[in-house]
Amino acid sequence: MMNGPGACWEGQEDEDEDLPQMDGTCDACEPDEAQPAVQVCVTCRFAFCSVHADKHTRSTRHPLHLYCAPDPAPPPHTHREPVEGAEAQSGGAEGGSGEEEEDAEEGGKRDTVTVERLRCKEHGQEGALYCKTDEKIICVVCAVHGEHHQHDIITLREAYHWQKSKEGIDLLRCTQEMAERIKTKWTSPDMSKEELEVYVNQQFSELHRLVRLEERRTLHLVDLKEAFLTAQAAESIAEITVHTERLQEEMASITRQLGELDRVEREGVAAAASFGPPVPTPPDPAPRPELEPDVRPRLPEPRHDPRDPHDFGEGGSGSFMGHTP
């Protein structure tokens with residue numbers, strides 16, 4: 001809360017969730033050369049170093065308060081709602097300036113880009129799912145037993161394509177529209193120099209807010225792609241590990257079988273040696289010559305009976321008649 005011009009500026013707990021989470025550096029300095037913040041603008045909600053605080057006071061006449069670093073506390077939500085369009089998110093420079101400082105703090109945390117950044121801070125598990133209701137990367141425990149168990153849960157790949165299909169902020173169009181508005185105010189005779197300077201600062205603050213929102217949306221897509229690629233790689237590694245273990249088991253089984261065969265062979269040789277020299281076996285008998293298939297044994301032909309009367313001619317015993325014995 002604001003306690004006076006010389007008091008420290010402290011955020012209220014009942015303010016909107018999109019209020020800035022200042023990181024203690026000047027928002028007007030270059031990110032890689034940011035100086036420590038010493039004052040904060042109540043209207044713009046920007047933190048400034050001593051040099052930029054004087055410039056901001058001269059250009060806007062906004063009241064400044066001393067900056068006090070808030071007590072470290074984990075943010076209630078790691079991922080904010082991404083932006084769908086410039087018109088949906090353009091609520092004025094005042095409401096969006098806080099998001100710039102919060103994104104600046106998140107940008108500082110992204111200096112160490114590791115998979116640990118995607119782990120669930122509540123359960124310590126790897127972010128493997130996506131809550132479509134809250135648009136947040138969650139772990140399996142959050143989806144089953146946590147605060148997201150009744151929400152719309154999808155895979156990381158589906159979430160990436162879903163977020164990628166959304167239309168982002170057309171920064172070029174927003175810049176051209178801002179230039180036209182400034183040009184119109186510039187040529188207006190009713191605008192004083194101070195009012196024109198304030199208007200220009202507000203327009204650039206609004207453009208800066210849109211740039212930060214688009215940057216945050218892009219970083220959210222990067223987180224989603226990194227998360228689902230990491231999960232896909234983990235699944236592939238698990239499959240390779242299971243296949244390797246199966247091959248190792250098969251190799252161990254083959255080694256055991258070969259060992260059993262060697263043992264049985266050694267036992268057989270030892271048993272044969274214990275019974276003495278082997279007994280010589282008798283030679284095989286000489287093979288008999290084989291007969292040709294056309295050769296057959298000849299049987300004796302039967303001889304005629306000499307006493308058979310038919311052997312003495314047609315007359316038989318009477319054939320000797322008329323002859324002298």
# chains A, B, ... in the order shown; residues from 1 in each chain; ligands from 1
call {"tool": "residues_around", "arguments": {"residues": "A:Ala28", "least_positions_apart": "2", "cutoff": "7 Å", "atoms": "only C-alpha atoms", "output": "ChimeraX atom specification"}}
result
/A:26,30,48,52
call {"tool": "write_last_selection", "arguments": {"atoms": "C-alpha atoms", "output": "short mmCIF file (atom, residue, chain, number, x, y, z; two decimals), in the first residue's frame"}}
result
data_model
loop_
_atom_site.label_atom_id
_atom_site.label_comp_id
_atom_site.auth_asym_id
_atom_site.auth_seq_id
_atom_site.Cartn_x
_atom_site.Cartn_y
_atom_site.Cartn_z
CA CYS A 26 14.91 -0.62 -13.09
CA GLU A 30 18.54 -2.25 -20.64
CA PHE A 48 13.04 3.12 -11.74
CA HIS A 52 15.20 7.22 -14.93
#
call {"tool": "residues_around", "arguments": {"residues": "A:Tyr130", "least_positions_apart": "5", "cutoff": "6 Å", "atoms": "only C-alpha atoms", "output": "list in words"}}
result
Lys136, Ile137, Ile138, Ile153, Ile154, Thr155 and Leu156 of chain A
call {"tool": "atom_distance", "arguments": {"atom1": "atom CA of A:Leu118", "atom2": "atom CA of A:Asp223"}}
result
7.5 Å
call {"tool": "closest_residue", "arguments": {"among": "A:Ala128, A:Leu66, A:Leu219, A:Val211", "to": "A:Leu171", "atoms": "only C-alpha atoms"}}
result
A:Val211
call {"tool": "atom_distance", "arguments": {"atom1": "atom CA of A:Tyr67", "atom2": "atom CA of A:Ser205"}}
result
20.1 Å
